[in-house]
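Read through the structure below, which is laid out as C-alpha cells, and then see the notes.
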Amino acid sequence: MNKTRWVRHGWRCSGESVMSEVSAQSVLAHLFQMGKVPKKKRSVADKVRKAKTSFEIKNNPFEVKINRKKFDVLGRKSKHDVGLPGVSRSKANNKRKETLLKEYKQKGRSSKFIDKRFGEYDTQMAPEDKILKRFALERQRVHDKKDLYNLNEDEELTHYGQSLAEMEKFNDAVDSDDESEEKGLLSAELTASHFGGGGLLRKKTGGQQDGEETHRAKSRQELIDELIQKSKQEKRERQVRKEESQELTEKLDQEWKSIQALLVKKTPKCDRAEEEKPKLEQYDMMVRELVFDMKAQPSEKLKTPEELAREEREKLQKLESDRLRRMMGEEVEESSQSQSHISADDLHDGFILDKDDEKTLSYQDGKWNIEEEADKDKTEEDDEEEGHSGEVEDGDAGEEEEEEEEDDNADEEGRRRRRRGSRRPAMMKKMVTLTWSPSKKATTEERKETSAQPSLSKEEIKAQQEAAKAELPYTFTAPESYSDLKDLLQGHTPDNQRLIVARTQKSNHASLAVGNKLKLQKMFGFLLEYIGELATRSPPELVAVDKLIPELYSMCQMFPEAACKAMQSIFEDAGHTMEEVLEVKGHVPFPALDMLVYLKVTGLLFPTSDFRHPVTTPALLYISQALTKCPVRSLQDVTSGLVLCCLGVEYVTFSKRFLPELINFLAGTLHLAVKDKTSLGYTVVPPFRPTGKCSDLLVLSDSESCASWTKKSLPLSATRHLELRSERDRDHHRLTCVSTCLDLVKRCCLLYKDLPSFTCIFRPIRTLLSEHLSAQTLPELLQELRGEILESIGGAAVTRCRLVLEKKKPIPLKLLTPKIVEVLDYGKKRGCNREEREKERLKHKYKKEFKGALREIRKDTRFLAREKLTEVMDRDSERKRKVRELFGSLATQEGEWKALKRMKSK
Amino acid sequence: MAPSKRRNVILRITAEQSGKRAKIDLNTKVKDVLQDKKNANDVFDILELLESEKEKDVVNAVNACSKLFSTLLEKKDLFLGKLPTGEEEEAFIGGLSAEEKYRLFMRQRYSSCVEMLLEHLDHELYSVKESALCCLMKFAEGEGRHPLEDLDWSEHYSFPRELLQGVVDRLLSRTTENSMLISRFQEFLEMEDVRYYVMSSIRENVGKVLAKNKGALIPVYQNNVFSLMSNISIPSQESGLTNFMIKQEAKHDDWKVAKLNEHKRAFEKMWLGFLKYKLPSNMYKKILVILHDSILPHMSKPTLMIDFLTAAYDVGGAISLLALNGLFVLIHQHNLDYPDFYKKLYNLLEPSVFHVKYRARFFHLANLFLSSSHLPLYLVAAFAKRLARLALTAPPTALLIVLPFICNLIRRHPSCRVLVHKPSTQDESVEDPYLMEEEDPAQCRALESSLWEIKTLQSHYHPDVAKAAGSINTPLSGLEDDISELLEKTTYELMERDLKQTRKTVPLEFETATQLLKGGGDVLGQHFCLG
C-alpha cells in the first residue's frame with residue numbers, strides 16, 4: 001500500500017502542472033467534463049447502443065448496412081455481406097481511447113503508474129474472494145524459485161506473526177522468563193523514558209522515604225507508580241520461583257544420571273527391553289523374508305498318459321500341417337522348423353537339454369509311472385550299450401538296474417553319464433590286459449596290429465575281434481578325414497559301428513567344445529561317403545548301412561544345412577557325370593547301388609512331399625532322368641529300374657504328385673513280359689523299344705515255372721549281379737519282377753485316381769494287361785493283382801468337368817482422388833506456376849494490408865487531432881471561465897470597495 | 001638309379017644321333033643325286049627306305065622324295081609324255097640320248113615313288129599317312145606347274161587329275177576310317193581348282209564303287225565319303241574364287257574352274273550322286289543335320305533335293321523330324337508346295353518326340369510352322385491337344401518346352417481358348433471326345449475337348465512344371481513366352497537350380513528313420529530286402 005501511495009505521489013509530483021494541487025484537481029475535473037462535451041452526440045448514441053442487445057442492433061435497419069453482392073457464388077461464404085458501421089465505429093473508438101489516448105496522455109512522461117493491486121478496480125469480485133486471491137498471490141511470491149523443488153521445507157506456520165516452529169524450539173521456561181523479565185525491565189524503563197516521567201520517577205524514589213507525603217499526595221500519578229511497582233514485584237517473585245524450580249530440576253537430572261549408570265544392567269525392565277529389541281528384529285526379519293521370499297512357482301502339472309499322448313499328437317499334427325503347407329508350395333516360415341522353441345542361448349547345434357523323448361513324471365491310476373519307465377530305460381540302455389553289455393557281468397548289471405530304479409528320473413542323460421563314470425573303474429579292473437585308452441590313436445594302433453597279422457588262423461582273428469569288440473572305448477576323437485572314419489569303423493560289426501558313431505557323436509557334442517560342430521558336420525559327409533562305399537563293396541554291406549541310418553538321421557536333425565550340402569554335392573556329382581555320359585553316348589547305365597542307397601537315405605532324411613526342396617527335388621529329377629535315359633538290357637537293369645520305381649512311388653506317396661516317367665517305366669517293364677509283340681495297341685516310350693533284342697527280357701521261357709514260383713522279396717544286390725543258374729531260377733526272378741511291377745502299378749492307380757487324365761495315363765497299361773498279358777499264363781497271385789488293377793482303372797470316372805478359367809475378382813476402377821487446390825483468396829489470379837501465384841498472392845495481400853494500415857493511421861491521426869482539439873478547447877474554456885471568475889471577483893471586490901467607500905462617504 | 005638314367009640318356013642320344021645321321025645321309029644322297037647324274041642310282045636307296053618298317057625312316061624318306069622330285073620337276077629333268085609300256089620300252093629307249101635316258105629313268109622312279117606314296121595313304125600310322133599326303137599334294141602342285149604331258153595345244157590347261165584321282169580313291173577307303181586324314185586334307189580343299197577336281201573325282205569314285213555294290217551298304221566307305229564331302233564348302237560369291245593351287249597364265253573364259261556355277265553344278269552332282277544310293281540310318285541323320293545350312297545353299301538347283309527330302313520325311317521317326325528342316329528351307333525359299341504338310345507334321349507327334357536328341361530342333365521348327373496366324377483353328381487345336389496328350393509321358397525338360405508352346409498356340413489363336421475355358425450352363429461332366437488314333441487333324445475332334453492333361457500336369461512332381469501348367473488357370477497374358485532359351489535345357493541344369501540355391505532353413509523329415517528300407521510307405525521294404 002505504501003508503495004502505491006508513493007508511486008502515486010511521484011506521479012503527482014512529476015506532473016507538469018505549475019498550479020497548486022487543489023487547482024490542478026479541479027482543472028482535471030473540468031478537463032474531463034469539458035472533454036466529454038464535443039463527443040456528446042456520439043457518446044449518447046454509443047450509450048444507447050450499449051444498452052441494446054446485439055440482437056436488437058442487428059435487426060435495426062438503421063444500424064445495418066448491407067453490402068450489395070454483384071453475383072452469387074455457390075458455396076462461398078462471405079463475411080462481409082452485412083455490416084454494422086455504428087457498432088464497429090464505437091468499438092474502434094473505444095479501443096483507441098484505451099490505447100492511443102492513453103499513450104498520448106503518457107507522452108513525455110518518464111514515470112508510470114502501475115497499480116499492481118489485485119482486483120482493486122474490479123467491482124464484480126466479492127471482497128472475500130479478493131482477500132483470498134491476494135493471500136494466494138502473496139504465498140506464491142514467497143515461494144521463490146529456489147524452493148520450487150524443495151519438497152521438505154514446509155511453509156512456515158505462524159501464530160500472531162511468530163513462527164510456531166520457533167516457539168516449539170524455545171519452550172524452555174528459562175527463555176520465556178528471560179524474555180518476560182527483559183520485557184518487564186524494558187517496559188519499565190521505557191515507560192519511564194517514553195512518557196517523560198524521569199523526573200517524576202526520580203522524584204518518586206526520592207520521596208519514598210517520607211510515606212506521608214506519598215500517602216497524602218495519592219494522586220493519579222502515584223497510583224500508576226504503585227501499580228507498576230506491584231507488577232514489578234510480582235514478576236520478581238515469579239522469577240525467583242522459577243529459578244528455584246529449575247535449579248531443582250537440574251539437580252534431579254544430575255542425580256538421576258548418576259543413578260542411571262548403576263541401573264543400566266541390573267533392572268529387569270532394562271533386560272526386558274533389551275530382549276524385546278532382538279525379538280522385534282526377528283519379527284522384522286521374518287516379515288522381510290516373507291516379503292522377499294520367492295513365491296511358490298506354479299510347477300508343471302504332472303501329466304497323465306492321455307495328456308502325454310495328446311501332446312504328442314498335437315506336435316505331430318503341427319509338423320504334418322507344416323508338411324502340407326510346404327507341399328502346396330507355400331513359403332516356409334522360420335517357425336516351421338521341427339524345433340518349436342529356440343532359446344536365446346541356443347548355439348544352433350541341436351543340443352536340447354529337455355529332450356522330447358524324455359519322460360515326464362506321470363500318474364497312472366493314482367500310481368507313479370516310474371516302473372514302466374525304468375523298464376523302458378533299461379531296454380534303451382541295453383539297446384545303446386549292447387557293445388559292452390556282454391562284458392559286464394550279470395550281477396553288476398543287476399545292481400545297476402536296482403540303482404536305476406532307486407534313482408528318480410529327473411535327468412536321464414546326466415544320470416547315464418554319471419553311471420557310466422562310476423562304471424568305468426570297474427571295467428578298468430576287468431580289462432587289465434587290454435591297453436585301453438580314450439584316444440583313437442591307440443585303437444587304430446591295435447587295429448594295425450590285427451591287420452598286420454593276416455596269417456593268423458580264423459579262430460584267432462575271431463577271438464581278436466571279440467576282444468576288440470569288448471574293448472570298445474567310450475570316447476572317440478572325431479575323424480578329420482574320410483580315411484580316418486574308415487579306419488575307425490573298419491573291422492567292426494555293424495552294431496559296433498553304429499555304437500562307435502553314436503559315441504563319437506556324443507563325445508564330440510557341439511556343446512562341449514568350440515570346433516566340435518564343424519567336426520561333426522564334416523563327419524556327416526564322411527559317413528555318407530562311407531555308406532556309399534559300403535554299398536559299392538561286393539557283396540554290398542547293406543546291413544551296416546541299415547544300422548547307421550538312425551545315427552545319420554540324428555546327425556541330420558542336428559545339422560540340417562550341412563546334411564543338405566552333403567547330399568546336394570552327391571547329387572550334383574551324380575547328375576553331372578550322368579549328363580556327360582549322355583552327351584557322349586546318348587544313354588547311360590543304371591545308377592549303381594550306392595546311388596540307390598543315397599536316394600533312399602534322402603527320402604528318409606528329408607521330406608519328399610515338399611513342393612520344392614533343395615535335396616529331394618534334385619533327387620526326384622535324378623530318378624526320372626535314370627528312368628528315361630537308362631536302356632534296359634538285362635534282368636539286373638530291370639531290377640534296378642524297379643528299385644528306382646519303388647523309390648519314386650515312395651517319394652510321391654504322400655504328395656500324390658504325378659511322375660510320368662514312373663508310369664512309362666512300369667508300362668515298359670510290363671511290355672518286356674509280353675510274348676507276342678506283333679500287334680501292339682499302345683506305344684512304348686523310350687528307353688523301351690517296341691521290338692529289339694532286349695525287349696523280351698521278362699518273357700517266361702517255360703510256362704511250367706509259374707507253378708513253383710512263390711513271391712519273395714529280392715535282395716537289393718540283385719541290381720548288380722544275379723546268380724541265376726537254371727532257367728527256372730531265371731523265370732522265377734522274372735515273375736518276381738512282374739509281380740513287383742504289378743504291385744507298383746496298383747499303388748500308382750490308387751495314387752493317381754483323382755487326376756483328370758487318369759484314364760489317358762493308364763491306357764497303355766490297361767491295354768497291356770487286358771489284351772496282352774491275359775493270354776499268358778500267370779501265377780494266381782499275379783492274376784489277382786491284374787484283376788484288381790483292371791478293376792480300379794475301369795472303375796475310375798471317365799468323364800470330367802470342362803475346364804474353366806479361374807474366376808478372378810473384377811479389377812476395381814481406378815479411383816482418382818480429387819486434386820485439392822487451396823484457394824487462399826478469391827479474385828483473379830495471375831501467374832501460371834505455384835511460385836508466381838504465391839508471389840502474386842503476397843503482393844495482393846501486402847497491398848491490402850498496406851491500405852488497411854494507412855486507413856487505420858489516418859483514423860488514428862484524426863482521433864488524435866480530435867483529442868487535441870478538445871484539449872485546446874477545454875483549456876480555452878477553462879481560461880475563459882477563470883478570467884470570467886477573476887473578472888467577477890474583481891468586479892465584486894470593486895463593487896464591495898465602492899459600496900464601502902459609499903458607506904464611508906455616507 | 002643314376003647309371004640307368006645315364007644309360008637311357010645315352011640310348012636316346014644314340015637313337016637321335018642315328019636318326020639324325022640317317023636324315024643327313026638322306027639329305028646328302030638327295031644332294032648327290034641332284035648334283036651329279038652319276039649318282040642317279042642312289043634314288044633306289046631312298047625308295048628302299050620308303051618301304052622301311054620304321055616310322056621315322058619312312059617319314060624321312062617321304063620328305064627326301066618330296067624334295068628330290070619336286071626339284072627335278074622344277075628342273076624339268078623328268079621325261080615328258082606318256083611312259084612306254086613293257087614291250088615298247090626297249091625299242092623306245094634305244095632311240096634316246098643319254099640325257100633322255102636319264103630323264104626316262106627318273107620319270108620311272110617318280111611314278112613308282114608316287115605309287116608307293118599312294119599305298120602309304122593306307123598305312124596304319126597317321127604320321128606316315130599325313131606326310132605321304134602332303135608329299136603327294138606337293139607333287140600335284142609341281143606337276144601342275146610343269147606338266148609331264150606334252151601340251152599340244154595351248155588352250156588346254158593342265159591339272160594332274162590322275163594323281164588327284166588316285167589320292168581321292170585312297171582317301172575314300174572301304175576298310176579304314178580316314179576321317180583324320182580327310183580333315184588334314186581339308187586345307188587343300190580351300191583351293192578352288194583342287195576342290196573342283198576333287199568333287200568330280202568323288203563323283204566318279206562314288207559312282208564306280210556304289211554301282212558295283214548294287215546299293216548294298218558299305219558304312220565305312222560311306223562315312224569316308226560323307227566326311228570328305230561335308231568338308232567341301234563353296235564360297236558364296238564368284239569373286240571369292242581366288243585361291244588356286246596352280247596359277248594359269250592365260251585366263252580363259254571357258255575355264256570351268258574359275259566359275260562359281262560350275263562349282264555349284266559339280267557340288268550338286270556329287271551330292272546327288274551320293275544320295276542316290278541307299279544310306280544307313282545314322283548317315284541319313286548326319287546328312288539331314290547339315291543339309292539345310294551346308295548343302296542346300298551351295299546347290300545350283302536346291303529343288304533337286306525334293307525327292308531325297310520327301311523320301312526322308314516318309315521314313316518316320318527321327319529322320320522325318322530332321323527332314324523337316326530341309327523341307328522348310330525348300331518351302332520357305334524355293335516355293336515348294338508340299339501337300340498335307342501339316343497333316344504329316346501332326347502325325348510326327350509321337351511320344352518319342354520328347355526323348356530324341358533332335359527335340360530342340362524339332363520344336364524350334366514346329367514353332368516356326370505353327371507361327372502362321374492363317375492356320376485353320378481345328379489344326380491348331382489338334383496340335384495343342386495332341387501335344388498335351390503326349391506331354392503325359394514327357395520328361396520335365398520337354399514339359400518345360402511343351403507347356404509354354406501350347407500356351408503360345410492358344411495366345412496366337414484366341415479362338416482356341418475354348419480348350420482351356422469352356423463355361424457351360426450346367427455342371428455337366430463329359431468324356432474326352434478327342435481321338436488320339438485319328439490321323440487327320442480335321443477329324444480328331446480336338447476343338448470339342450479340353451486340355452485336361454495340363455490340368456493333370458499341375459500336380460507334376462517338378463515345381464517348375466507344375467507352375468508352368470498352372471498358367472492355364474488364369475487368363476493368358478498377351479505376350480508369348482520365349483521358348484528358344486528353354487529348348488536346350490538339360491536335366492542337369494534343372495537339378496542345378498535347386499542344388500545351387502541356398503536356403504536358410506532346410507525342412508527335415510520328422511518321422512524318425514530307423515531302418516534303411518522303412519519309411520515312405522515301405523514300398524521298397526515290401527519288395528526288396530537287404531543282403
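Ordered as shown in the C-alpha cells, chains take letters A, B, and onward, while each chain numbers its residues from 1 and ligands are numbered from 1 in the order shown.
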
Output as JSON lines one row per residue of chain B within 6 Å of chain A: the closest atom pair and its distance in Å to one decimal place, counting only C-alpha atoms, sorted by chain and residue number ascending.
{"residue": "B:Thr393", "atom": "CA", "partner": "A:Pro660", "partner_atom": "CA", "distance": 5.2}
{"residue": "B:Val420", "atom": "CA", "partner": "A:Leu803", "partner_atom": "CA", "distance": 5.4}
{"residue": "B:His421", "atom": "CA", "partner": "A:Val804", "partner_atom": "CA", "distance": 4.3}
{"residue": "B:Lys422", "atom": "CA", "partner": "A:Val804", "partner_atom": "CA", "distance": 5.6}
{"residue": "B:Pro423", "atom": "CA", "partner": "A:Val804", "partner_atom": "CA", "distance": 5.7}
{"residue": "B:Ser429", "atom": "CA", "partner": "A:Cys801", "partner_atom": "CA", "distance": 4.2}
{"residue": "B:Val430", "atom": "CA", "partner": "A:Thr799", "partner_atom": "CA", "distance": 4.6}
{"residue": "B:Glu431", "atom": "CA", "partner": "A:Thr799", "partner_atom": "CA", "distance": 4.2}
{"residue": "B:Trp452", "atom": "CA", "partner": "A:Pro756", "partner_atom": "CA", "distance": 5.9}
{"residue": "B:Glu453", "atom": "CA", "partner": "A:Ser757", "partner_atom": "CA", "distance": 5.7}
{"residue": "B:Thr456", "atom": "CA", "partner": "A:Leu755", "partner_atom": "CA", "distance": 5.6}
{"residue": "B:Ser459", "atom": "CA", "partner": "A:Arg657", "partner_atom": "CA", "distance": 5.1}
{"residue": "B:His460", "atom": "CA", "partner": "A:Phe658", "partner_atom": "CA", "distance": 4.5}
{"residue": "B:Tyr461", "atom": "CA", "partner": "A:Arg657", "partner_atom": "CA", "distance": 4.9}
{"residue": "B:Pro463", "atom": "CA", "partner": "A:Arg612", "partner_atom": "CA", "distance": 6.0}
{"residue": "B:Asn473", "atom": "CA", "partner": "A:Leu805", "partner_atom": "CA", "distance": 5.1}
{"residue": "B:Thr474", "atom": "CA", "partner": "A:Leu805", "partner_atom": "CA", "distance": 5.6}
{"residue": "B:Tyr492", "atom": "CA", "partner": "A:Gly575", "partner_atom": "CA", "distance": 5.8}
{"residue": "B:Met495", "atom": "CA", "partner": "A:Pro618", "partner_atom": "CA", "distance": 4.8}
{"residue": "B:Asp498", "atom": "CA", "partner": "A:Pro614", "partner_atom": "CA", "distance": 5.1}
{"residue": "B:Leu499", "atom": "CA", "partner": "A:Gln568", "partner_atom": "CA", "distance": 5.8}
{"residue": "B:Val506", "atom": "CA", "partner": "A:Pro560", "partner_atom": "CA", "distance": 6.0}
{"residue": "B:Leu508", "atom": "CA", "partner": "A:Phe606", "partner_atom": "CA", "distance": 4.7}
{"residue": "B:Glu509", "atom": "CA", "partner": "A:Phe606", "partner_atom": "CA", "distance": 4.6}
{"residue": "B:Ala513", "atom": "CA", "partner": "A:Pro550", "partner_atom": "CA", "distance": 5.8}
{"residue": "B:Thr514", "atom": "CA", "partner": "A:Pro550", "partner_atom": "CA", "distance": 5.0}
{"residue": "B:Gln515", "atom": "CA", "partner": "A:Asp546", "partner_atom": "CA", "distance": 5.4}
{"residue": "B:Leu516", "atom": "CA", "partner": "A:Asp546", "partner_atom": "CA", "distance": 4.9}
{"residue": "B:Gly520", "atom": "CA", "partner": "A:Glu650", "partner_atom": "CA", "distance": 4.8}
{"residue": "B:Val523", "atom": "CA", "partner": "A:Cys646", "partner_atom": "CA", "distance": 5.8}
{"residue": "B:Leu524", "atom": "CA", "partner": "A:Cys646", "partner_atom": "CA", "distance": 5.4}
{"residue": "B:His527", "atom": "CA", "partner": "A:Ser713", "partner_atom": "CA", "distance": 4.7}
{"residue": "B:Phe528", "atom": "CA", "partner": "A:Leu714", "partner_atom": "CA", "distance": 4.6}
{"residue": "B:Cys529", "atom": "CA", "partner": "A:Pro715", "partner_atom": "CA", "distance": 4.7}
{"residue": "B:Leu530", "atom": "CA", "partner": "A:Pro715", "partner_atom": "CA", "distance": 5.5}
{"residue": "B:Gly531", "atom": "CA", "partner": "A:Pro715", "partner_atom": "CA", "distance": 5.6}

Neighbours of range 326-342 of chain B within 9 Å (only C-alpha atoms; same-chain residues fewer than 3 positions away dropped), as a PDB file with N, CA, C and O atoms, in the first residue's frame?
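Done, and the output landed in selection-v3.pdb:
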ATOM      1  N   LEU B 288      21.034 -85.115 -92.923  1.00  0.00           N
ATOM      2  CA  LEU B 288      19.904 -84.204 -92.726  1.00  0.00           C
ATOM      3  C   LEU B 288      20.257 -83.082 -91.761  1.00  0.00           C
ATOM      4  O   LEU B 288      19.753 -81.963 -91.882  1.00  0.00           O
ATOM      5  N   VAL B 289      21.152 -83.410 -90.843  1.00  0.00           N
ATOM      6  CA  VAL B 289      21.522 -82.379 -89.870  1.00  0.00           C
ATOM      7  C   VAL B 289      22.243 -81.225 -90.559  1.00  0.00           C
ATOM      8  O   VAL B 289      21.986 -80.056 -90.274  1.00  0.00           O
ATOM      9  N   LEU B 291      22.175 -80.688 -93.862  1.00  0.00           N
ATOM     10  CA  LEU B 291      21.593 -80.382 -95.163  1.00  0.00           C
ATOM     11  C   LEU B 291      21.227 -78.914 -95.339  1.00  0.00           C
ATOM     12  O   LEU B 291      21.605 -78.269 -96.316  1.00  0.00           O
ATOM     13  N   HIS B 292      20.519 -78.406 -94.368  1.00  0.00           N
ATOM     14  CA  HIS B 292      19.926 -77.095 -94.602  1.00  0.00           C
ATOM     15  C   HIS B 292      20.943 -75.966 -94.616  1.00  0.00           C
ATOM     16  O   HIS B 292      20.728 -74.964 -95.273  1.00  0.00           O
ATOM     17  N   ASP B 293      22.071 -76.140 -93.925  1.00  0.00           N
ATOM     18  CA  ASP B 293      22.959 -74.972 -93.963  1.00  0.00           C
ATOM     19  C   ASP B 293      24.293 -75.218 -94.652  1.00  0.00           C
ATOM     20  O   ASP B 293      24.997 -74.252 -94.923  1.00  0.00           O
ATOM     21  N   LEU B 296      22.273 -77.319 -99.048  1.00  0.00           N
ATOM     22  CA  LEU B 296      21.276 -76.639 -99.892  1.00  0.00           C
ATOM     23  C   LEU B 296      21.745 -75.282-100.426  1.00  0.00           C
ATOM     24  O   LEU B 296      21.539 -74.996-101.613  1.00  0.00           O
ATOM     25  N   PRO B 302      18.483 -76.199-105.736  1.00  0.00           N
ATOM     26  CA  PRO B 302      18.180 -76.928-104.498  1.00  0.00           C
ATOM     27  C   PRO B 302      16.936 -77.792-104.626  1.00  0.00           C
ATOM     28  O   PRO B 302      16.796 -78.775-103.902  1.00  0.00           O
ATOM     29  N   THR B 303      16.055 -77.432-105.525  1.00  0.00           N
ATOM     30  CA  THR B 303      14.808 -78.198-105.635  1.00  0.00           C
ATOM     31  C   THR B 303      15.066 -79.639-106.031  1.00  0.00           C
ATOM     32  O   THR B 303      14.197 -80.493-105.864  1.00  0.00           O
ATOM     33  N   MET B 305      16.685 -81.568-104.537  1.00  0.00           N
ATOM     34  CA  MET B 305      16.744 -82.345-103.298  1.00  0.00           C
ATOM     35  C   MET B 305      15.367 -82.825-102.851  1.00  0.00           C
ATOM     36  O   MET B 305      15.256 -83.570-101.875  1.00  0.00           O
ATOM     37  N   ILE B 306      14.327 -82.350-103.521  1.00  0.00           N
ATOM     38  CA  ILE B 306      12.967 -82.661-103.066  1.00  0.00           C
ATOM     39  C   ILE B 306      12.755 -84.160-102.910  1.00  0.00           C
ATOM     40  O   ILE B 306      12.234 -84.619-101.890  1.00  0.00           O
ATOM     41  N   LEU B 309      14.394 -85.454 -99.869  1.00  0.00           N
ATOM     42  CA  LEU B 309      13.768 -84.984 -98.631  1.00  0.00           C
ATOM     43  C   LEU B 309      12.417 -85.631 -98.387  1.00  0.00           C
ATOM     44  O   LEU B 309      12.104 -86.021 -97.264  1.00  0.00           O
ATOM     45  N   THR B 310      11.623 -85.725 -99.443  1.00  0.00           N
ATOM     46  CA  THR B 310      10.308 -86.347 -99.237  1.00  0.00           C
ATOM     47  C   THR B 310      10.470 -87.799 -98.836  1.00  0.00           C
ATOM     48  O   THR B 310       9.735 -88.297 -97.978  1.00  0.00           O
ATOM     49  N   TYR B 313      11.351 -87.761 -95.283  1.00  0.00           N
ATOM     50  CA  TYR B 313      10.216 -87.346 -94.454  1.00  0.00           C
ATOM     51  C   TYR B 313       9.267 -88.511 -94.245  1.00  0.00           C
ATOM     52  O   TYR B 313       8.620 -88.617 -93.213  1.00  0.00           O
ATOM     53  N   LEU B 322      14.162 -84.634 -88.875  1.00  0.00           N
ATOM     54  CA  LEU B 322      15.307 -83.907 -89.405  1.00  0.00           C
ATOM     55  C   LEU B 322      15.041 -83.413 -90.811  1.00  0.00           C
ATOM     56  O   LEU B 322      15.496 -82.334 -91.205  1.00  0.00           O
ATOM     57  N   ALA B 323      14.274 -84.213 -91.540  1.00  0.00           N
ATOM     58  CA  ALA B 323      13.969 -83.803 -92.902  1.00  0.00           C
ATOM     59  C   ALA B 323      13.146 -82.526 -92.923  1.00  0.00           C
ATOM     60  O   ALA B 323      13.146 -81.778 -93.896  1.00  0.00           O
ATOM     61  N   LEU B 345       3.029 -83.460 -90.345  1.00  0.00           N
ATOM     62  CA  LEU B 345       3.660 -82.921 -89.135  1.00  0.00           C
ATOM     63  C   LEU B 345       2.899 -83.386 -87.900  1.00  0.00           C
ATOM     64  O   LEU B 345       3.476 -83.778 -86.890  1.00  0.00           O
ATOM     65  N   TYR B 346       1.584 -83.358 -88.035  1.00  0.00           N
ATOM     66  CA  TYR B 346       0.727 -83.789 -86.927  1.00  0.00           C
ATOM     67  C   TYR B 346       1.017 -85.241 -86.583  1.00  0.00           C
ATOM     68  O   TYR B 346       1.094 -85.613 -85.418  1.00  0.00           O
ATOM     69  N   ASN B 347       1.195 -86.036 -87.634  1.00  0.00           N
ATOM     70  CA  ASN B 347       1.435 -87.448 -87.370  1.00  0.00           C
ATOM     71  C   ASN B 347       2.845 -87.735 -86.895  1.00  0.00           C
ATOM     72  O   ASN B 347       3.130 -88.833 -86.430  1.00  0.00           O
ATOM     73  N   LEU B 365      11.436 -75.767 -85.094  1.00  0.00           N
ATOM     74  CA  LEU B 365      10.766 -75.736 -86.397  1.00  0.00           C
ATOM     75  C   LEU B 365       9.253 -75.744 -86.255  1.00  0.00           C
ATOM     76  O   LEU B 365       8.548 -74.996 -86.936  1.00  0.00           O
ATOM     77  N   PHE B 369       6.599 -73.350 -87.918  1.00  0.00           N
ATOM     78  CA  PHE B 369       5.489 -73.754 -88.791  1.00  0.00           C
ATOM     79  C   PHE B 369       4.158 -73.295 -88.241  1.00  0.00           C
ATOM     80  O   PHE B 369       3.267 -72.923 -88.988  1.00  0.00           O
ATOM     81  N   LEU B 379      -6.829 -77.101 -86.811  1.00  0.00           N
ATOM     82  CA  LEU B 379      -5.467 -77.620 -86.883  1.00  0.00           C
ATOM     83  C   LEU B 379      -4.682 -77.243 -85.624  1.00  0.00           C
ATOM     84  O   LEU B 379      -4.037 -78.084 -84.993  1.00  0.00           O
ATOM     85  N   PRO B 441      -5.955 -84.339 -88.646  1.00  0.00           N
ATOM     86  CA  PRO B 441      -6.268 -83.373 -87.581  1.00  0.00           C
ATOM     87  C   PRO B 441      -7.662 -82.778 -87.712  1.00  0.00           C
ATOM     88  O   PRO B 441      -8.226 -82.292 -86.734  1.00  0.00           O
TER      89      PRO B 441
END

**Request:** Would you please work out which residue, of B:Glu74, B:Asn63, B:Ser484, B:Asp193, is nearest to Ser131 in chain B when using only C-alpha atoms?
**Result:**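 Using only C-alpha atoms, the shortest distance to Ser131 in chain B belongs to B:Asn63.
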
**Prompt:** In Å, how far is it from CA of Lys67 in chain B to CA of Leu49 in chain B?
**Reply:**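 The value is 14.8 Å.
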
**Request:** State, in Å with one decimal place, the distance from CA of Lys235 in chain A to CA of Glu247 in chain A.
**Result:**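 Separating CA of Lys235 in chain A from CA of Glu247 in chain A is a distance of 18.2 Å.
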
**Prompt:** So how many Å separate CA of Lys285 in chain B and CA of Ala318 in chain B, to one decimal?
**Reply:**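 These atoms are spaced 7.8 Å apart.
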